[in-house]
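K.L.:
Here it is, the structure in full.
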Amino acid sequence: MAFWHRCRAPGLVPRIRCWPTAGTGLQGFAGYKAGMAHVVMVDDTESPFKGQEVTRAVTFIEVPPAFGYAVVLYENTVHGLKAMAQACSKSAPKEARRCITPAKKEGDLAVLEKMLDRTVAVRMLLLTQPRKIGLKKTPEAFEVAFGGDVKTQFDAAKSLFGKEVRAADVLHEGDFVDVIAVTKGKGWQGVVKRFGVALNPHKATGARRHGGSLGAETQAKVFYTIPRAGQMGFHRRTDFNKRILKLASAADSKTMFPKGGFTSYGEIKGDFMVVEGSIPGPKKRFVRLRKALRSKSASKKTEVKEFVA
């Protein structure tokens with residue numbers, strides 16, 4: 001049930017349906033997956049290796065500055081949250097027209113402020129700037145929630161409206177984040193690869209890689225729990241509680257990268273972060289970072305001894 005229904009994701013920009021309520025300021029950011037490496041670090045978990053140097057797999061995510069394009073107010077309806085007003089910035093980057101229709105005039109935040117009595121949530125529409133890192137031209141537009149009460153949310157949104165937002169303004173080393181992304185697509189696959197069912201005997205009629213029984217004869221239907229061939233990969237997935245081990249600029253940390261850059265990605269040229277473990281998606285995939293929704297521990301830094309490309 002955790003991975004059902006196994007259909008293709010609607011798009012490469014995953015939707016986030018739930019945001020943390022604790023804290024203030026932006027509750028998330030976004031970047032592009034660069035590749036993986038290893039680090040030698042001091043284990044600070046409650047394991048038999050606590051206090052010793054261990055090798056862990058890490059993922060590099062390049063996080064170019066985002067542009068605070070619009071402030072959106074939401075009201076409560078019988079059908080859930082509904083956007084009721086929006087103010088857009090006129091000074092959007094020229095590449096913004098590739099993914100949205102830029103506003104012809106500056107939005108009036110004073111009008112939005114008069115509507116705060118009906119507002120239950122304030123969110124900001126951010127635009128990535130991949131051209132700054134030489135990745136591509138077309139940006140992604142994504143919405144991020146704020147923490148705190150409505151007045152605090154609006155003040156935070158007003159301070160970022162029409163300005164660049166860096167990852168270091170939102171996240172810090174030692175923080176735990178949830179990574180939401182679309183996994184690597186593998187197309188249409190059979191039951192053996194898709195679900196790992198056993199092969200039929202080599203004398204089986206038909207083929208060895210067919211599934212077995214489809215279920216009972218009565219109740220003339222096939223249950224969703226029966227392994228069937230179908231789409232594998234390109235699913236929206238969430239990895240919870242990934243710790244940020246490093247958050248820095250490429251100009252200050254060139255010794256951490258492999259020579260010649262990451263395979264199928266190239267060199268990291270801007271701000272980047274290193275998270276513990278793996279994350280969904282192939283190289284260059286757009287990934288969203290949300291402050292941990294169900295973290296069991298507070299932010300804690302760890303001692304990283306060495307990066308092994």
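Convention: chains lettered A, B, ... in structure tokens order; per-chain residue numbering from 1; ligands numbered from 1 as shown.
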If you count only C-alpha atoms, which residues fall within 7 Å of Val150 of chain A, apart from same-chain ones fewer than 2 positions away, as a ChimeraX atom specification?
P.N.:
/A:120-122,148,152-154
K.L.:
Taking 5 positions as the minimum chain separation for residues in the same chain, which residues sit within 10 Å of Leu171 of chain A when counting only C-alpha atoms? Answer as number ranges by chain.
P.N.:
A: 26-29, 166, 176-177, 244, 247, 273, 289-291
K.L.:
Could you please take those selected residues and save N, CA and C atoms as a PDB file, in the first residue's frame?
P.N.:
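Final file, out-v6.pdb:
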```pdb
ATOM      1  N   LEU A  26      10.382  30.217   5.501  1.00  0.00           N
ATOM      2  CA  LEU A  26      10.106  29.215   4.467  1.00  0.00           C
ATOM      3  C   LEU A  26      10.346  27.812   5.003  1.00  0.00           C
ATOM      4  N   GLN A  27       9.482  26.890   4.613  1.00  0.00           N
ATOM      5  CA  GLN A  27       9.567  25.520   5.098  1.00  0.00           C
ATOM      6  C   GLN A  27      10.177  24.562   4.086  1.00  0.00           C
ATOM      7  N   GLY A  28      10.739  25.093   3.005  1.00  0.00           N
ATOM      8  CA  GLY A  28      11.339  24.202   2.021  1.00  0.00           C
ATOM      9  C   GLY A  28      12.127  24.955   0.976  1.00  0.00           C
ATOM     10  N   PHE A  29      12.784  24.172   0.117  1.00  0.00           N
ATOM     11  CA  PHE A  29      13.591  24.727  -0.972  1.00  0.00           C
ATOM     12  C   PHE A  29      13.629  23.680  -2.079  1.00  0.00           C
ATOM     13  N   ARG A 166      18.373  32.215  -1.082  1.00  0.00           N
ATOM     14  CA  ARG A 166      19.412  31.178  -1.138  1.00  0.00           C
ATOM     15  C   ARG A 166      19.051  30.050  -0.181  1.00  0.00           C
ATOM     16  N   PHE A 176      17.368  18.219   9.405  1.00  0.00           N
ATOM     17  CA  PHE A 176      16.792  17.052   8.744  1.00  0.00           C
ATOM     18  C   PHE A 176      15.747  17.533   7.746  1.00  0.00           C
ATOM     19  N   VAL A 177      15.793  16.986   6.534  1.00  0.00           N
ATOM     20  CA  VAL A 177      14.856  17.386   5.487  1.00  0.00           C
ATOM     21  C   VAL A 177      14.226  16.136   4.872  1.00  0.00           C
ATOM     22  N   ILE A 244      21.376  17.057   6.546  1.00  0.00           N
ATOM     23  CA  ILE A 244      22.287  17.876   5.748  1.00  0.00           C
ATOM     24  C   ILE A 244      23.651  17.877   6.431  1.00  0.00           C
ATOM     25  N   LEU A 247      26.584  22.391   3.690  1.00  0.00           N
ATOM     26  CA  LEU A 247      25.865  23.386   2.898  1.00  0.00           C
ATOM     27  C   LEU A 247      26.834  24.529   2.640  1.00  0.00           C
ATOM     28  N   MET A 273      24.450  21.283  -1.428  1.00  0.00           N
ATOM     29  CA  MET A 273      24.342  20.646  -0.124  1.00  0.00           C
ATOM     30  C   MET A 273      24.643  19.169  -0.263  1.00  0.00           C
ATOM     31  N   LEU A 289      12.955  19.959  -1.344  1.00  0.00           N
ATOM     32  CA  LEU A 289      13.429  19.743   0.019  1.00  0.00           C
ATOM     33  C   LEU A 289      12.449  20.407   0.977  1.00  0.00           C
ATOM     34  N   ARG A 290      11.929  19.625   1.911  1.00  0.00           N
ATOM     35  CA  ARG A 290      10.981  20.147   2.906  1.00  0.00           C
ATOM     36  C   ARG A 290      11.561  19.911   4.296  1.00  0.00           C
ATOM     37  N   LYS A 291      11.421  20.889   5.167  1.00  0.00           N
ATOM     38  CA  LYS A 291      11.857  20.678   6.548  1.00  0.00           C
ATOM     39  C   LYS A 291      11.141  19.454   7.106  1.00  0.00           C
TER      40      LYS A 291
END
```
K.L.:
Using DSSP on the backbone coordinates, identify all residues within segment 16-248 of chain A classified as strand (DSSP E); present the result as an NGL selection string.
P.N.:
:A and (25-26 or 28-42 or 53-62 or 66-77 or 80-88 or 121-127 or 141-147 or 164-165 or 176-182 or 188-189 or 230-231 or 236-248)
K.L.:
Output C-alpha atoms for every residue in that selection, as a PDB file, in the first residue's frame.
P.N.:
```
ATOM      1  CA  GLY A  25      10.086  31.298   7.626  1.00  0.00           C
ATOM      2  CA  LEU A  26      10.106  29.215   4.467  1.00  0.00           C
ATOM      3  CA  GLY A  28      11.339  24.202   2.021  1.00  0.00           C
ATOM      4  CA  PHE A  29      13.591  24.727  -0.972  1.00  0.00           C
ATOM      5  CA  ALA A  30      14.568  22.933  -4.196  1.00  0.00           C
ATOM      6  CA  GLY A  31      17.622  21.851  -6.165  1.00  0.00           C
ATOM      7  CA  TYR A  32      19.028  19.421  -8.709  1.00  0.00           C
ATOM      8  CA  LYS A  33      20.555  16.026  -7.989  1.00  0.00           C
ATOM      9  CA  ALA A  34      24.243  15.986  -8.988  1.00  0.00           C
ATOM     10  CA  GLY A  35      25.507  12.569  -7.896  1.00  0.00           C
ATOM     11  CA  MET A  36      26.734  10.417  -5.022  1.00  0.00           C
ATOM     12  CA  ALA A  37      29.995   9.950  -3.146  1.00  0.00           C
ATOM     13  CA  HIS A  38      31.252   8.710   0.230  1.00  0.00           C
ATOM     14  CA  VAL A  39      32.334  10.508   3.376  1.00  0.00           C
ATOM     15  CA  VAL A  40      34.364   9.451   6.372  1.00  0.00           C
ATOM     16  CA  MET A  41      32.527  10.783   9.411  1.00  0.00           C
ATOM     17  CA  VAL A  42      32.231  10.215  13.145  1.00  0.00           C
ATOM     18  CA  GLU A  53      34.943   6.814  12.124  1.00  0.00           C
ATOM     19  CA  VAL A  54      32.607   5.210   9.593  1.00  0.00           C
ATOM     20  CA  THR A  55      32.087   5.488   5.828  1.00  0.00           C
ATOM     21  CA  ARG A  56      28.656   6.636   4.665  1.00  0.00           C
ATOM     22  CA  ALA A  57      27.110   7.192   1.243  1.00  0.00           C
ATOM     23  CA  VAL A  58      26.044  10.789   0.571  1.00  0.00           C
ATOM     24  CA  THR A  59      24.245  12.656  -2.209  1.00  0.00           C
ATOM     25  CA  PHE A  60      25.244  16.046  -3.647  1.00  0.00           C
ATOM     26  CA  ILE A  61      22.387  18.417  -4.525  1.00  0.00           C
ATOM     27  CA  GLU A  62      23.099  21.697  -6.304  1.00  0.00           C
ATOM     28  CA  ALA A  66      15.494  30.870  -6.238  1.00  0.00           C
ATOM     29  CA  PHE A  67      13.477  33.984  -7.086  1.00  0.00           C
ATOM     30  CA  GLY A  68      10.490  34.977  -4.912  1.00  0.00           C
ATOM     31  CA  TYR A  69       8.006  35.607  -7.719  1.00  0.00           C
ATOM     32  CA  ALA A  70       4.573  35.707  -6.057  1.00  0.00           C
ATOM     33  CA  VAL A  71       2.754  35.754  -2.706  1.00  0.00           C
ATOM     34  CA  VAL A  72      -0.426  33.654  -2.597  1.00  0.00           C
ATOM     35  CA  LEU A  73      -3.177  33.834   0.046  1.00  0.00           C
ATOM     36  CA  TYR A  74      -5.354  30.802   0.808  1.00  0.00           C
ATOM     37  CA  GLU A  75      -8.773  30.656   2.440  1.00  0.00           C
ATOM     38  CA  ASN A  76     -10.653  27.704   3.912  1.00  0.00           C
ATOM     39  CA  THR A  77     -13.603  26.270   1.965  1.00  0.00           C
ATOM     40  CA  GLY A  80     -10.248  22.503   1.497  1.00  0.00           C
ATOM     41  CA  LEU A  81      -7.759  25.304   0.897  1.00  0.00           C
ATOM     42  CA  LYS A  82      -8.420  27.566  -2.094  1.00  0.00           C
ATOM     43  CA  ALA A  83      -6.236  30.365  -3.476  1.00  0.00           C
ATOM     44  CA  MET A  84      -8.139  33.649  -3.197  1.00  0.00           C
ATOM     45  CA  ALA A  85      -5.522  36.322  -4.050  1.00  0.00           C
ATOM     46  CA  GLN A  86      -2.039  36.606  -5.494  1.00  0.00           C
ATOM     47  CA  ALA A  87       0.529  39.364  -5.974  1.00  0.00           C
ATOM     48  CA  CYS A  88       3.268  38.871  -8.592  1.00  0.00           C
ATOM     49  CA  ALA A 121      -2.255  30.220   4.928  1.00  0.00           C
ATOM     50  CA  VAL A 122       0.312  32.329   3.055  1.00  0.00           C
ATOM     51  CA  ARG A 123       2.585  30.693   0.505  1.00  0.00           C
ATOM     52  CA  MET A 124       5.250  31.889  -1.913  1.00  0.00           C
ATOM     53  CA  LEU A 125       5.709  30.903  -5.537  1.00  0.00           C
ATOM     54  CA  LEU A 126       9.437  30.498  -6.201  1.00  0.00           C
ATOM     55  CA  LEU A 127      11.251  30.140  -9.520  1.00  0.00           C
ATOM     56  CA  ALA A 141       7.931  27.062 -10.543  1.00  0.00           C
ATOM     57  CA  PHE A 142       7.142  25.609  -7.108  1.00  0.00           C
ATOM     58  CA  GLU A 143       5.157  26.768  -4.081  1.00  0.00           C
ATOM     59  CA  VAL A 144       6.502  26.763  -0.527  1.00  0.00           C
ATOM     60  CA  ALA A 145       4.619  27.294   2.724  1.00  0.00           C
ATOM     61  CA  PHE A 146       5.654  29.436   5.716  1.00  0.00           C
ATOM     62  CA  GLY A 147       5.653  28.623   9.427  1.00  0.00           C
ATOM     63  CA  GLU A 164      16.601  36.088  -4.492  1.00  0.00           C
ATOM     64  CA  VAL A 165      16.408  33.382  -1.839  1.00  0.00           C
ATOM     65  CA  PHE A 176      16.792  17.052   8.744  1.00  0.00           C
ATOM     66  CA  VAL A 177      14.856  17.386   5.487  1.00  0.00           C
ATOM     67  CA  ASP A 178      12.392  15.306   3.503  1.00  0.00           C
ATOM     68  CA  VAL A 179      13.345  14.858  -0.157  1.00  0.00           C
ATOM     69  CA  ILE A 180      10.435  14.648  -2.610  1.00  0.00           C
ATOM     70  CA  ALA A 181      11.235  13.745  -6.214  1.00  0.00           C
ATOM     71  CA  VAL A 182      10.227  11.622  -9.183  1.00  0.00           C
ATOM     72  CA  TRP A 188       6.705  -1.074 -18.810  1.00  0.00           C
ATOM     73  CA  GLN A 189       8.086  -4.109 -16.964  1.00  0.00           C
ATOM     74  CA  GLY A 230       2.873  -2.403 -15.765  1.00  0.00           C
ATOM     75  CA  GLN A 231       4.675   0.892 -15.325  1.00  0.00           C
ATOM     76  CA  ARG A 236       6.593  10.484  -7.039  1.00  0.00           C
ATOM     77  CA  ARG A 237       8.325   9.356  -3.844  1.00  0.00           C
ATOM     78  CA  THR A 238       9.289  10.909  -0.493  1.00  0.00           C
ATOM     79  CA  ASP A 239      12.425  10.046   1.473  1.00  0.00           C
ATOM     80  CA  PHE A 240      12.072  11.153   5.088  1.00  0.00           C
ATOM     81  CA  ASN A 241      14.687  12.529   7.490  1.00  0.00           C
ATOM     82  CA  LYS A 242      17.786  13.088   5.379  1.00  0.00           C
ATOM     83  CA  ARG A 243      20.403  14.985   7.366  1.00  0.00           C
ATOM     84  CA  ILE A 244      22.287  17.876   5.748  1.00  0.00           C
ATOM     85  CA  LEU A 245      25.987  17.238   6.338  1.00  0.00           C
ATOM     86  CA  LYS A 246      27.326  20.190   4.343  1.00  0.00           C
ATOM     87  CA  LEU A 247      25.865  23.386   2.898  1.00  0.00           C
ATOM     88  CA  ALA A 248      28.363  25.599   1.097  1.00  0.00           C
TER      89      ALA A 248
END
```
K.L.:
What gap, in Å, lies between atom CA of Lys193 of chain A and atom CA of Arg209 of chain A?
P.N.:
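Atom CA of Lys193 of chain A sits 9.2 Å away from atom CA of Arg209 of chain A.
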K.L.:
Tell me, in Å to one decimal, how far atom CA of Phe257 of chain A is from atom CA of Asp43 of chain A.
P.N.:
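We find that atom CA of Phe257 of chain A and atom CA of Asp43 of chain A lie 22.2 Å from each other.
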K.L.:
So that I can check the surroundings of Gly185 of chain A, please list as a list in words every protein, DNA and RNA residue that reaches within 8 Å of it, counting only C-alpha atoms and ignoring chain neighbours fewer than 3 positions away.
P.N.:
Met232, Gly233, Phe234 and His235 of chain A
K.L.:
With distances taken over only C-alpha atoms, which residue among A:Leu214, A:Ile16, A:Leu109, A:Val191 lies nearest Arg228 of chain A?
P.N.:
A:Val191
